[in-house]
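A.B. asks: If it helps, the file is called input_35.cif and holds mmCIF, N, CA, C and O atoms:
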```cif
data_protein
loop_
_atom_site.group_PDB
_atom_site.id
_atom_site.type_symbol
_atom_site.label_atom_id
_atom_site.label_comp_id
_atom_site.auth_asym_id
_atom_site.auth_seq_id
_atom_site.Cartn_x
_atom_site.Cartn_y
_atom_site.Cartn_z
ATOM 1 N N MET A 1 -2.373 -17.521 0.008
ATOM 2 C CA MET A 1 -1.656 -16.355 0.464
ATOM 3 C C MET A 1 -1.280 -16.552 1.929
ATOM 4 O O MET A 1 -2.076 -16.981 2.741
ATOM 5 N N LYS A 2 -0.066 -16.243 2.234
ATOM 6 C CA LYS A 2 0.435 -16.337 3.608
ATOM 7 C C LYS A 2 0.042 -15.063 4.362
ATOM 8 O O LYS A 2 0.180 -13.959 3.841
ATOM 9 N N GLU A 3 -0.459 -15.222 5.578
ATOM 10 C CA GLU A 3 -0.819 -14.064 6.388
ATOM 11 C C GLU A 3 0.105 -13.976 7.592
ATOM 12 O O GLU A 3 0.339 -14.960 8.285
ATOM 13 N N ILE A 4 0.635 -12.788 7.811
ATOM 14 C CA ILE A 4 1.521 -12.518 8.936
ATOM 15 C C ILE A 4 0.882 -11.410 9.762
ATOM 16 O O ILE A 4 0.519 -10.365 9.226
ATOM 17 N N LYS A 5 0.738 -11.631 11.047
ATOM 18 C CA LYS A 5 0.211 -10.603 11.944
ATOM 19 C C LYS A 5 1.372 -10.052 12.751
ATOM 20 O O LYS A 5 2.142 -10.807 13.327
ATOM 21 N N VAL A 6 1.495 -8.745 12.762
ATOM 22 C CA VAL A 6 2.579 -8.087 13.467
ATOM 23 C C VAL A 6 1.971 -7.189 14.536
ATOM 24 O O VAL A 6 1.093 -6.377 14.254
ATOM 25 N N LYS A 7 2.444 -7.336 15.753
ATOM 26 C CA LYS A 7 1.971 -6.496 16.845
ATOM 27 C C LYS A 7 3.005 -5.415 17.109
ATOM 28 O O LYS A 7 4.195 -5.704 17.213
ATOM 29 N N ILE A 8 2.531 -4.175 17.204
ATOM 30 C CA ILE A 8 3.439 -3.077 17.514
ATOM 31 C C ILE A 8 2.935 -2.369 18.771
ATOM 32 O O ILE A 8 1.745 -2.370 19.065
ATOM 33 N N ASP A 9 3.868 -1.779 19.498
ATOM 34 C CA ASP A 9 3.534 -1.078 20.736
ATOM 35 C C ASP A 9 3.538 0.438 20.549
ATOM 36 O O ASP A 9 3.348 1.178 21.508
ATOM 37 N N THR A 10 3.765 0.886 19.332
ATOM 38 C CA THR A 10 3.786 2.312 19.037
ATOM 39 C C THR A 10 2.577 2.657 18.169
ATOM 40 O O THR A 10 1.835 1.768 17.756
ATOM 41 N N ASP A 11 2.384 3.935 17.896
ATOM 42 C CA ASP A 11 1.245 4.351 17.077
ATOM 43 C C ASP A 11 1.383 3.897 15.629
ATOM 44 O O ASP A 11 0.391 3.628 14.952
ATOM 45 N N PHE A 12 2.619 3.848 15.137
ATOM 46 C CA PHE A 12 2.856 3.463 13.746
ATOM 47 C C PHE A 12 4.233 2.840 13.614
ATOM 48 O O PHE A 12 5.051 2.891 14.527
ATOM 49 N N ILE A 13 4.475 2.258 12.435
ATOM 50 C CA ILE A 13 5.786 1.727 12.079
ATOM 51 C C ILE A 13 6.025 2.100 10.625
ATOM 52 O O ILE A 13 5.077 2.129 9.826
ATOM 53 N N LYS A 14 7.258 2.403 10.278
ATOM 54 C CA LYS A 14 7.554 2.740 8.882
ATOM 55 C C LYS A 14 7.527 1.462 8.045
ATOM 56 O O LYS A 14 7.876 0.383 8.510
ATOM 57 N N LEU A 15 7.105 1.611 6.805
ATOM 58 C CA LEU A 15 6.902 0.473 5.915
ATOM 59 C C LEU A 15 8.135 -0.404 5.788
ATOM 60 O O LEU A 15 8.045 -1.628 5.902
ATOM 61 N N ASP A 16 9.298 0.186 5.586
ATOM 62 C CA ASP A 16 10.501 -0.631 5.423
ATOM 63 C C ASP A 16 10.820 -1.407 6.702
ATOM 64 O O ASP A 16 11.222 -2.566 6.650
ATOM 65 N N SER A 17 10.587 -0.790 7.851
ATOM 66 C CA SER A 17 10.813 -1.484 9.127
ATOM 67 C C SER A 17 9.809 -2.610 9.317
ATOM 68 O O SER A 17 10.143 -3.668 9.855
ATOM 69 N N LEU A 18 8.581 -2.395 8.881
ATOM 70 C CA LEU A 18 7.552 -3.431 8.978
ATOM 71 C C LEU A 18 7.935 -4.654 8.157
ATOM 72 O O LEU A 18 7.800 -5.788 8.616
ATOM 73 N N LEU A 19 8.432 -4.426 6.945
ATOM 74 C CA LEU A 19 8.828 -5.547 6.088
ATOM 75 C C LEU A 19 9.939 -6.358 6.741
ATOM 76 O O LEU A 19 9.945 -7.588 6.666
ATOM 77 N N LYS A 20 10.870 -5.676 7.411
ATOM 78 C CA LYS A 20 11.947 -6.381 8.116
ATOM 79 C C LYS A 20 11.409 -7.110 9.341
ATOM 80 O O LYS A 20 11.737 -8.269 9.573
ATOM 81 N N LEU A 21 10.568 -6.447 10.133
ATOM 82 C CA LEU A 21 10.010 -7.050 11.337
ATOM 83 C C LEU A 21 9.174 -8.290 11.011
ATOM 84 O O LEU A 21 9.213 -9.282 11.736
ATOM 85 N N ALA A 22 8.460 -8.252 9.901
ATOM 86 C CA ALA A 22 7.615 -9.379 9.500
ATOM 87 C C ALA A 22 8.431 -10.517 8.887
ATOM 88 O O ALA A 22 7.900 -11.600 8.643
ATOM 89 N N GLY A 23 9.713 -10.269 8.603
ATOM 90 C CA GLY A 23 10.564 -11.310 8.033
ATOM 91 C C GLY A 23 10.432 -11.460 6.532
ATOM 92 O O GLY A 23 10.891 -12.435 5.956
ATOM 93 N N VAL A 24 9.814 -10.473 5.892
ATOM 94 C CA VAL A 24 9.663 -10.510 4.432
ATOM 95 C C VAL A 24 11.004 -10.239 3.764
ATOM 96 O O VAL A 24 11.337 -10.836 2.744
ATOM 97 N N VAL A 25 11.784 -9.319 4.346
ATOM 98 C CA VAL A 25 13.120 -8.994 3.852
ATOM 99 C C VAL A 25 14.092 -9.050 5.022
ATOM 100 O O VAL A 25 13.683 -9.002 6.181
ATOM 101 N N VAL A 26 15.361 -9.120 4.705
ATOM 102 C CA VAL A 26 16.388 -9.179 5.738
ATOM 103 C C VAL A 26 17.021 -7.802 5.950
ATOM 104 O O VAL A 26 17.364 -7.445 7.065
ATOM 105 N N THR A 27 17.141 -7.038 4.871
ATOM 106 C CA THR A 27 17.809 -5.747 4.962
ATOM 107 C C THR A 27 16.914 -4.616 4.473
ATOM 108 O O THR A 27 15.950 -4.836 3.740
ATOM 109 N N GLY A 28 17.291 -3.414 4.866
ATOM 110 C CA GLY A 28 16.575 -2.239 4.389
ATOM 111 C C GLY A 28 16.719 -2.065 2.885
ATOM 112 O O GLY A 28 15.825 -1.563 2.219
ATOM 113 N N GLY A 29 17.846 -2.492 2.349
ATOM 114 C CA GLY A 29 18.060 -2.410 0.902
ATOM 115 C C GLY A 29 17.077 -3.276 0.129
ATOM 116 O O GLY A 29 16.575 -2.881 -0.925
ATOM 117 N N GLN A 30 16.802 -4.457 0.652
ATOM 118 C CA GLN A 30 15.809 -5.331 0.015
ATOM 119 C C GLN A 30 14.423 -4.696 0.089
ATOM 120 O O GLN A 30 13.663 -4.734 -0.876
ATOM 121 N N ALA A 31 14.098 -4.106 1.234
ATOM 122 C CA ALA A 31 12.805 -3.441 1.402
ATOM 123 C C ALA A 31 12.675 -2.300 0.393
ATOM 124 O O ALA A 31 11.627 -2.124 -0.238
ATOM 125 N N LYS A 32 13.751 -1.558 0.221
ATOM 126 C CA LYS A 32 13.762 -0.433 -0.717
ATOM 127 C C LYS A 32 13.447 -0.910 -2.130
ATOM 128 O O LYS A 32 12.662 -0.282 -2.847
ATOM 129 N N LEU A 33 14.029 -2.031 -2.536
ATOM 130 C CA LEU A 33 13.777 -2.558 -3.876
ATOM 131 C C LEU A 33 12.318 -2.976 -4.062
ATOM 132 O O LEU A 33 11.710 -2.678 -5.087
ATOM 133 N N TYR A 34 11.754 -3.666 -3.078
ATOM 134 C CA TYR A 34 10.348 -4.057 -3.159
ATOM 135 C C TYR A 34 9.461 -2.825 -3.354
ATOM 136 O O TYR A 34 8.577 -2.799 -4.197
ATOM 137 N N VAL A 35 9.720 -1.806 -2.545
ATOM 138 C CA VAL A 35 8.891 -0.601 -2.579
ATOM 139 C C VAL A 35 9.091 0.156 -3.889
ATOM 140 O O VAL A 35 8.119 0.546 -4.544
ATOM 141 N N GLN A 36 10.335 0.350 -4.303
ATOM 142 C CA GLN A 36 10.623 1.087 -5.539
ATOM 143 C C GLN A 36 10.043 0.393 -6.765
ATOM 144 O O GLN A 36 9.652 1.048 -7.725
ATOM 145 N N ASN A 37 9.990 -0.946 -6.736
ATOM 146 C CA ASN A 37 9.459 -1.701 -7.871
ATOM 147 C C ASN A 37 7.929 -1.717 -7.903
ATOM 148 O O ASN A 37 7.337 -2.276 -8.812
ATOM 149 N N GLY A 38 7.299 -1.127 -6.888
ATOM 150 C CA GLY A 38 5.844 -1.091 -6.843
ATOM 151 C C GLY A 38 5.227 -2.420 -6.449
ATOM 152 O O GLY A 38 4.076 -2.697 -6.782
ATOM 153 N N ASP A 39 5.981 -3.244 -5.722
ATOM 154 C CA ASP A 39 5.515 -4.574 -5.329
ATOM 155 C C ASP A 39 4.798 -4.594 -3.989
ATOM 156 O O ASP A 39 4.495 -5.661 -3.465
ATOM 157 N N ILE A 40 4.522 -3.422 -3.421
ATOM 158 C CA ILE A 40 3.865 -3.343 -2.118
ATOM 159 C C ILE A 40 2.519 -2.634 -2.269
ATOM 160 O O ILE A 40 2.437 -1.547 -2.846
ATOM 161 N N LEU A 41 1.478 -3.272 -1.765
ATOM 162 C CA LEU A 41 0.157 -2.647 -1.710
ATOM 163 C C LEU A 41 -0.115 -2.236 -0.269
ATOM 164 O O LEU A 41 0.004 -3.051 0.646
ATOM 165 N N TYR A 42 -0.472 -0.988 -0.094
ATOM 166 C CA TYR A 42 -0.814 -0.454 1.230
ATOM 167 C C TYR A 42 -2.308 -0.157 1.208
ATOM 168 O O TYR A 42 -2.764 0.701 0.451
ATOM 169 N N ASN A 43 -3.065 -0.920 1.977
ATOM 170 C CA ASN A 43 -4.531 -0.804 1.984
ATOM 171 C C ASN A 43 -5.092 -0.833 0.562
ATOM 172 O O ASN A 43 -5.978 -0.070 0.199
ATOM 173 N N GLY A 44 -4.539 -1.731 -0.258
ATOM 174 C CA GLY A 44 -5.050 -1.947 -1.608
ATOM 175 C C GLY A 44 -4.472 -1.060 -2.693
ATOM 176 O O GLY A 44 -4.772 -1.242 -3.865
ATOM 177 N N GLU A 45 -3.638 -0.099 -2.330
ATOM 178 C CA GLU A 45 -3.045 0.819 -3.299
ATOM 179 C C GLU A 45 -1.533 0.606 -3.361
ATOM 180 O O GLU A 45 -0.897 0.381 -2.339
ATOM 181 N N VAL A 46 -0.967 0.713 -4.572
ATOM 182 C CA VAL A 46 0.480 0.590 -4.721
ATOM 183 C C VAL A 46 1.146 1.717 -3.924
ATOM 184 O O VAL A 46 0.744 2.876 -4.018
ATOM 185 N N CYS A 47 2.145 1.362 -3.153
ATOM 186 C CA CYS A 47 2.864 2.340 -2.326
ATOM 187 C C CYS A 47 4.341 2.329 -2.721
ATOM 188 O O CYS A 47 4.974 1.276 -2.727
ATOM 189 N N THR A 48 4.865 3.497 -3.053
ATOM 190 C CA THR A 48 6.275 3.598 -3.433
ATOM 191 C C THR A 48 7.070 4.440 -2.441
ATOM 192 O O THR A 48 8.141 4.927 -2.758
ATOM 193 N N MET A 49 6.521 4.624 -1.236
ATOM 194 C CA MET A 49 7.224 5.382 -0.191
ATOM 195 C C MET A 49 7.656 4.416 0.904
ATOM 196 O O MET A 49 6.829 3.928 1.666
ATOM 197 N N ARG A 50 8.948 4.132 0.981
ATOM 198 C CA ARG A 50 9.397 3.152 1.972
ATOM 199 C C ARG A 50 9.286 3.662 3.397
ATOM 200 O O ARG A 50 9.249 2.896 4.336
ATOM 201 N N GLY A 51 9.196 4.979 3.578
ATOM 202 C CA GLY A 51 9.031 5.561 4.897
ATOM 203 C C GLY A 51 7.572 5.775 5.271
ATOM 204 O O GLY A 51 7.281 6.412 6.276
ATOM 205 N N LYS A 52 6.658 5.243 4.474
ATOM 206 C CA LYS A 52 5.222 5.392 4.729
ATOM 207 C C LYS A 52 4.898 4.908 6.134
ATOM 208 O O LYS A 52 5.341 3.844 6.558
ATOM 209 N N LYS A 53 4.119 5.681 6.872
ATOM 210 C CA LYS A 53 3.724 5.290 8.219
ATOM 211 C C LYS A 53 2.562 4.308 8.124
ATOM 212 O O LYS A 53 1.551 4.593 7.494
ATOM 213 N N VAL A 54 2.728 3.158 8.749
ATOM 214 C CA VAL A 54 1.703 2.115 8.747
ATOM 215 C C VAL A 54 1.135 2.040 10.163
ATOM 216 O O VAL A 54 1.882 1.915 11.127
ATOM 217 N N TYR A 55 -0.179 2.137 10.246
ATOM 218 C CA TYR A 55 -0.860 2.178 11.542
ATOM 219 C C TYR A 55 -1.587 0.880 11.829
ATOM 220 O O TYR A 55 -1.847 0.084 10.909
ATOM 221 N N LYS A 56 -1.964 0.685 13.081
ATOM 222 C CA LYS A 56 -2.731 -0.491 13.478
ATOM 223 C C LYS A 56 -4.011 -0.541 12.645
ATOM 224 O O LYS A 56 -4.657 0.469 12.429
ATOM 225 N N GLY A 57 -4.337 -1.722 12.167
ATOM 226 C CA GLY A 57 -5.508 -1.906 11.327
ATOM 227 C C GLY A 57 -5.210 -1.831 9.842
ATOM 228 O O GLY A 57 -6.033 -2.220 9.024
ATOM 229 N N ASP A 58 -4.032 -1.310 9.474
ATOM 230 C CA ASP A 58 -3.655 -1.243 8.064
ATOM 231 C C ASP A 58 -3.252 -2.620 7.560
ATOM 232 O O ASP A 58 -2.839 -3.476 8.334
ATOM 233 N N VAL A 59 -3.372 -2.805 6.250
ATOM 234 C CA VAL A 59 -3.000 -4.069 5.623
ATOM 235 C C VAL A 59 -1.977 -3.798 4.528
ATOM 236 O O VAL A 59 -2.187 -2.950 3.666
ATOM 237 N N VAL A 60 -0.860 -4.505 4.596
ATOM 238 C CA VAL A 60 0.197 -4.392 3.595
ATOM 239 C C VAL A 60 0.292 -5.735 2.881
ATOM 240 O O VAL A 60 0.350 -6.778 3.520
ATOM 241 N N MET A 61 0.290 -5.697 1.543
ATOM 242 C CA MET A 61 0.409 -6.922 0.758
ATOM 243 C C MET A 61 1.671 -6.854 -0.082
ATOM 244 O O MET A 61 2.016 -5.794 -0.605
ATOM 245 N N VAL A 62 2.337 -7.977 -0.181
ATOM 246 C CA VAL A 62 3.563 -8.072 -0.963
ATOM 247 C C VAL A 62 3.217 -8.785 -2.264
ATOM 248 O O VAL A 62 2.699 -9.895 -2.255
ATOM 249 N N GLY A 63 3.477 -8.143 -3.363
ATOM 250 C CA GLY A 63 3.140 -8.671 -4.677
ATOM 251 C C GLY A 63 2.013 -7.852 -5.270
ATOM 252 O O GLY A 63 0.909 -7.858 -4.752
ATOM 253 N N ARG A 64 2.294 -7.139 -6.341
ATOM 254 C CA ARG A 64 1.315 -6.218 -6.911
ATOM 255 C C ARG A 64 0.210 -6.952 -7.657
ATOM 256 O O ARG A 64 -0.963 -6.703 -7.426
ATOM 257 N N ASP A 65 0.549 -7.833 -8.559
ATOM 258 C CA ASP A 65 -0.449 -8.496 -9.387
ATOM 259 C C ASP A 65 -1.056 -9.711 -8.709
ATOM 260 O O ASP A 65 -2.239 -9.985 -8.867
ATOM 261 N N ASP A 66 -0.262 -10.441 -7.961
ATOM 262 C CA ASP A 66 -0.730 -11.648 -7.281
ATOM 263 C C ASP A 66 -0.113 -11.669 -5.896
ATOM 264 O O ASP A 66 0.896 -12.328 -5.671
ATOM 265 N N PRO A 67 -0.700 -10.916 -4.940
ATOM 266 C CA PRO A 67 -0.106 -10.838 -3.606
ATOM 267 C C PRO A 67 0.100 -12.211 -2.988
ATOM 268 O O PRO A 67 -0.762 -13.074 -3.082
ATOM 269 N N THR A 68 1.270 -12.391 -2.372
ATOM 270 C CA THR A 68 1.599 -13.669 -1.757
ATOM 271 C C THR A 68 1.636 -13.593 -0.246
ATOM 272 O O THR A 68 1.538 -14.597 0.426
ATOM 273 N N ILE A 69 1.809 -12.386 0.277
ATOM 274 C CA ILE A 69 1.900 -12.193 1.729
ATOM 275 C C ILE A 69 1.014 -11.026 2.128
ATOM 276 O O ILE A 69 1.025 -9.979 1.483
ATOM 277 N N GLN A 70 0.231 -11.226 3.172
ATOM 278 C CA GLN A 70 -0.569 -10.133 3.734
ATOM 279 C C GLN A 70 -0.098 -9.905 5.157
ATOM 280 O O GLN A 70 -0.057 -10.824 5.959
ATOM 281 N N ILE A 71 0.261 -8.654 5.457
ATOM 282 C CA ILE A 71 0.729 -8.283 6.789
ATOM 283 C C ILE A 71 -0.334 -7.407 7.436
ATOM 284 O O ILE A 71 -0.718 -6.384 6.867
ATOM 285 N N THR A 72 -0.820 -7.819 8.572
ATOM 286 C CA THR A 72 -1.828 -7.059 9.292
ATOM 287 C C THR A 72 -1.216 -6.537 10.584
ATOM 288 O O THR A 72 -0.572 -7.292 11.317
ATOM 289 N N ILE A 73 -1.427 -5.268 10.870
ATOM 290 C CA ILE A 73 -0.884 -4.640 12.070
ATOM 291 C C ILE A 73 -1.917 -4.739 13.179
ATOM 292 O O ILE A 73 -3.073 -4.383 13.008
ATOM 293 N N GLU A 74 -1.485 -5.230 14.335
ATOM 294 C CA GLU A 74 -2.383 -5.335 15.491
ATOM 295 C C GLU A 74 -1.972 -4.361 16.558
ATOM 296 O O GLU A 74 -0.844 -3.994 16.681
#
```
What would you get if you wrote out this structure as C-alpha cells?

C.D. replies:
Amino acid sequence: MKEIKVKIDTDFIKLDSLLKLAGVVVTGGQAKLYVQNGDILYNGEVCTMRGKKVYKGDVVMVGRDDPTIQITIE
C-alpha cells in the first residue's frame, strides 16, 4: 500500500480537495466518482460525502475492499 502524508495549515480540508492535493485524482469530477462509488474509507468507514471535513490525524484510504493508498493528515 502506498502511503501519502499531506500537511495542511488549516483546521480541516474537504475530502474532495484532499484527494486532489494528494495527487490521487486530477479533477473534482474524478474525486466525486471515487466518493460516490464508495471507494473511500474515512477512518475505516466507507464515506460517500465528498465535502466531508477531514482533520489532522484522520486517515483516508482509497479502495474499499483492498485499499491501495493511505492518506494521513499532518

A.B. asks: Which is closest to A:Glu74 among A:Glu3, A:Arg50, A:Tyr55, A:Gly29, if we use only N, CA, C and O atoms?

C.D. replies: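 For A:Glu74, the nearest of the candidates is A:Tyr55.
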
A.B. asks: Calculate, to one decimal in Å, the centre and edge lengths of the box along x, y and z of the file that holds all listed atoms of stretch 14-18 of chain A with 6 Å of margin on each side, and present them as AutoDock Vina command-line options.

C.D. replies:
```
--center_x 9.1 --center_y -1.5 --center_z 7.9 --size_x 16.3 --size_y 20.5 --size_z 16.9
```

A.B. asks: With distances taken over only C-alpha atoms, which of A:Lys20, A:Lys5, A:Lys53, A:Arg64 is nearest to A:Ile40?

C.D. replies: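 Distance minimum relative to A:Ile40 lands on A:Arg64.
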
A.B. asks: Find the residue from A:Thr72, A:Ala31, A:Pro67, A:Met61 that sits nearest to A:Leu19; use only N, CA, C and O atoms when measuring.

C.D. replies: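 Selected residue with least distance to A:Leu19: A:Ala31.
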
A.B. asks: Find the residue from A:Val26, A:Ile73, A:Val62, A:Leu21 that sits nearest to A:Gly38; use all atoms listed in the file when measuring.

C.D. replies: A:Val62

A.B. asks: Under the rule that only C-alpha atoms are counted, which of A:Gly51, A:Asp66, A:Ala22, A:Asp11 is the nearest residue to A:Asp39?

C.D. replies: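 Smallest separation from A:Asp39 among the options: A:Asp66.
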
A.B. asks: Evaluated on this file, the PyMOL selection byres (((chain A and resi 58 and name CA) around 12) and name CA) picks out some residues - which ones are they, written as a JSON list (two decimals) with N, CA, C and O atoms, in the coordinates of the input?

C.D. replies:
```json
[["chain", "number", "residue", "atom", "x", "y", "z"],
["A", 5, "LYS", "N", 0.74, -11.63, 11.05],
["A", 5, "LYS", "CA", 0.21, -10.60, 11.94],
["A", 5, "LYS", "C", 1.37, -10.05, 12.75],
["A", 5, "LYS", "O", 2.14, -10.81, 13.33],
["A", 6, "VAL", "N", 1.50, -8.74, 12.76],
["A", 6, "VAL", "CA", 2.58, -8.09, 13.47],
["A", 6, "VAL", "C", 1.97, -7.19, 14.54],
["A", 6, "VAL", "O", 1.09, -6.38, 14.25],
["A", 7, "LYS", "N", 2.44, -7.34, 15.75],
["A", 7, "LYS", "CA", 1.97, -6.50, 16.84],
["A", 7, "LYS", "C", 3.00, -5.42, 17.11],
["A", 7, "LYS", "O", 4.20, -5.70, 17.21],
["A", 8, "ILE", "N", 2.53, -4.18, 17.20],
["A", 8, "ILE", "CA", 3.44, -3.08, 17.51],
["A", 8, "ILE", "C", 2.94, -2.37, 18.77],
["A", 8, "ILE", "O", 1.74, -2.37, 19.07],
["A", 11, "ASP", "N", 2.38, 3.94, 17.90],
["A", 11, "ASP", "CA", 1.25, 4.35, 17.08],
["A", 11, "ASP", "C", 1.38, 3.90, 15.63],
["A", 11, "ASP", "O", 0.39, 3.63, 14.95],
["A", 12, "PHE", "N", 2.62, 3.85, 15.14],
["A", 12, "PHE", "CA", 2.86, 3.46, 13.75],
["A", 12, "PHE", "C", 4.23, 2.84, 13.61],
["A", 12, "PHE", "O", 5.05, 2.89, 14.53],
["A", 13, "ILE", "N", 4.47, 2.26, 12.44],
["A", 13, "ILE", "CA", 5.79, 1.73, 12.08],
["A", 13, "ILE", "C", 6.02, 2.10, 10.62],
["A", 13, "ILE", "O", 5.08, 2.13, 9.83],
["A", 14, "LYS", "N", 7.26, 2.40, 10.28],
["A", 14, "LYS", "CA", 7.55, 2.74, 8.88],
["A", 14, "LYS", "C", 7.53, 1.46, 8.04],
["A", 14, "LYS", "O", 7.88, 0.38, 8.51],
["A", 15, "LEU", "N", 7.10, 1.61, 6.80],
["A", 15, "LEU", "CA", 6.90, 0.47, 5.92],
["A", 15, "LEU", "C", 8.14, -0.40, 5.79],
["A", 15, "LEU", "O", 8.04, -1.63, 5.90],
["A", 18, "LEU", "N", 8.58, -2.40, 8.88],
["A", 18, "LEU", "CA", 7.55, -3.43, 8.98],
["A", 18, "LEU", "C", 7.94, -4.65, 8.16],
["A", 18, "LEU", "O", 7.80, -5.79, 8.62],
["A", 41, "LEU", "N", 1.48, -3.27, -1.76],
["A", 41, "LEU", "CA", 0.16, -2.65, -1.71],
["A", 41, "LEU", "C", -0.12, -2.24, -0.27],
["A", 41, "LEU", "O", 0.00, -3.05, 0.65],
["A", 42, "TYR", "N", -0.47, -0.99, -0.09],
["A", 42, "TYR", "CA", -0.81, -0.45, 1.23],
["A", 42, "TYR", "C", -2.31, -0.16, 1.21],
["A", 42, "TYR", "O", -2.76, 0.70, 0.45],
["A", 43, "ASN", "N", -3.06, -0.92, 1.98],
["A", 43, "ASN", "CA", -4.53, -0.80, 1.98],
["A", 43, "ASN", "C", -5.09, -0.83, 0.56],
["A", 43, "ASN", "O", -5.98, -0.07, 0.20],
["A", 44, "GLY", "N", -4.54, -1.73, -0.26],
["A", 44, "GLY", "CA", -5.05, -1.95, -1.61],
["A", 44, "GLY", "C", -4.47, -1.06, -2.69],
["A", 44, "GLY", "O", -4.77, -1.24, -3.86],
["A", 45, "GLU", "N", -3.64, -0.10, -2.33],
["A", 45, "GLU", "CA", -3.04, 0.82, -3.30],
["A", 45, "GLU", "C", -1.53, 0.61, -3.36],
["A", 45, "GLU", "O", -0.90, 0.38, -2.34],
["A", 52, "LYS", "N", 6.66, 5.24, 4.47],
["A", 52, "LYS", "CA", 5.22, 5.39, 4.73],
["A", 52, "LYS", "C", 4.90, 4.91, 6.13],
["A", 52, "LYS", "O", 5.34, 3.84, 6.56],
["A", 53, "LYS", "N", 4.12, 5.68, 6.87],
["A", 53, "LYS", "CA", 3.72, 5.29, 8.22],
["A", 53, "LYS", "C", 2.56, 4.31, 8.12],
["A", 53, "LYS", "O", 1.55, 4.59, 7.49],
["A", 54, "VAL", "N", 2.73, 3.16, 8.75],
["A", 54, "VAL", "CA", 1.70, 2.12, 8.75],
["A", 54, "VAL", "C", 1.14, 2.04, 10.16],
["A", 54, "VAL", "O", 1.88, 1.92, 11.13],
["A", 55, "TYR", "N", -0.18, 2.14, 10.25],
["A", 55, "TYR", "CA", -0.86, 2.18, 11.54],
["A", 55, "TYR", "C", -1.59, 0.88, 11.83],
["A", 55, "TYR", "O", -1.85, 0.08, 10.91],
["A", 56, "LYS", "N", -1.96, 0.68, 13.08],
["A", 56, "LYS", "CA", -2.73, -0.49, 13.48],
["A", 56, "LYS", "C", -4.01, -0.54, 12.64],
["A", 56, "LYS", "O", -4.66, 0.47, 12.43],
["A", 57, "GLY", "N", -4.34, -1.72, 12.17],
["A", 57, "GLY", "CA", -5.51, -1.91, 11.33],
["A", 57, "GLY", "C", -5.21, -1.83, 9.84],
["A", 57, "GLY", "O", -6.03, -2.22, 9.02],
["A", 59, "VAL", "N", -3.37, -2.80, 6.25],
["A", 59, "VAL", "CA", -3.00, -4.07, 5.62],
["A", 59, "VAL", "C", -1.98, -3.80, 4.53],
["A", 59, "VAL", "O", -2.19, -2.95, 3.67],
["A", 60, "VAL", "N", -0.86, -4.50, 4.60],
["A", 60, "VAL", "CA", 0.20, -4.39, 3.60],
["A", 60, "VAL", "C", 0.29, -5.74, 2.88],
["A", 60, "VAL", "O", 0.35, -6.78, 3.52],
["A", 61, "MET", "N", 0.29, -5.70, 1.54],
["A", 61, "MET", "CA", 0.41, -6.92, 0.76],
["A", 61, "MET", "C", 1.67, -6.85, -0.08],
["A", 61, "MET", "O", 2.02, -5.79, -0.60],
["A", 70, "GLN", "N", 0.23, -11.23, 3.17],
["A", 70, "GLN", "CA", -0.57, -10.13, 3.73],
["A", 70, "GLN", "C", -0.10, -9.90, 5.16],
["A", 70, "GLN", "O", -0.06, -10.82, 5.96],
["A", 71, "ILE", "N", 0.26, -8.65, 5.46],
["A", 71, "ILE", "CA", 0.73, -8.28, 6.79],
["A", 71, "ILE", "C", -0.33, -7.41, 7.44],
["A", 71, "ILE", "O", -0.72, -6.38, 6.87],
["A", 72, "THR", "N", -0.82, -7.82, 8.57],
["A", 72, "THR", "CA", -1.83, -7.06, 9.29],
["A", 72, "THR", "C", -1.22, -6.54, 10.58],
["A", 72, "THR", "O", -0.57, -7.29, 11.32],
["A", 73, "ILE", "N", -1.43, -5.27, 10.87],
["A", 73, "ILE", "CA", -0.88, -4.64, 12.07],
["A", 73, "ILE", "C", -1.92, -4.74, 13.18],
["A", 73, "ILE", "O", -3.07, -4.38, 13.01],
["A", 74, "GLU", "N", -1.48, -5.23, 14.34],
["A", 74, "GLU", "CA", -2.38, -5.34, 15.49],
["A", 74, "GLU", "C", -1.97, -4.36, 16.56],
["A", 74, "GLU", "O", -0.84, -3.99, 16.68]]
```

A.B. asks: Record the distance separating atom CA of A:Asp65 and atom O of A:Thr10, expressed in Å with one decimal.

C.D. replies: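 Between atom CA of A:Asp65 and atom O of A:Thr10 the gap is 29.1 Å.
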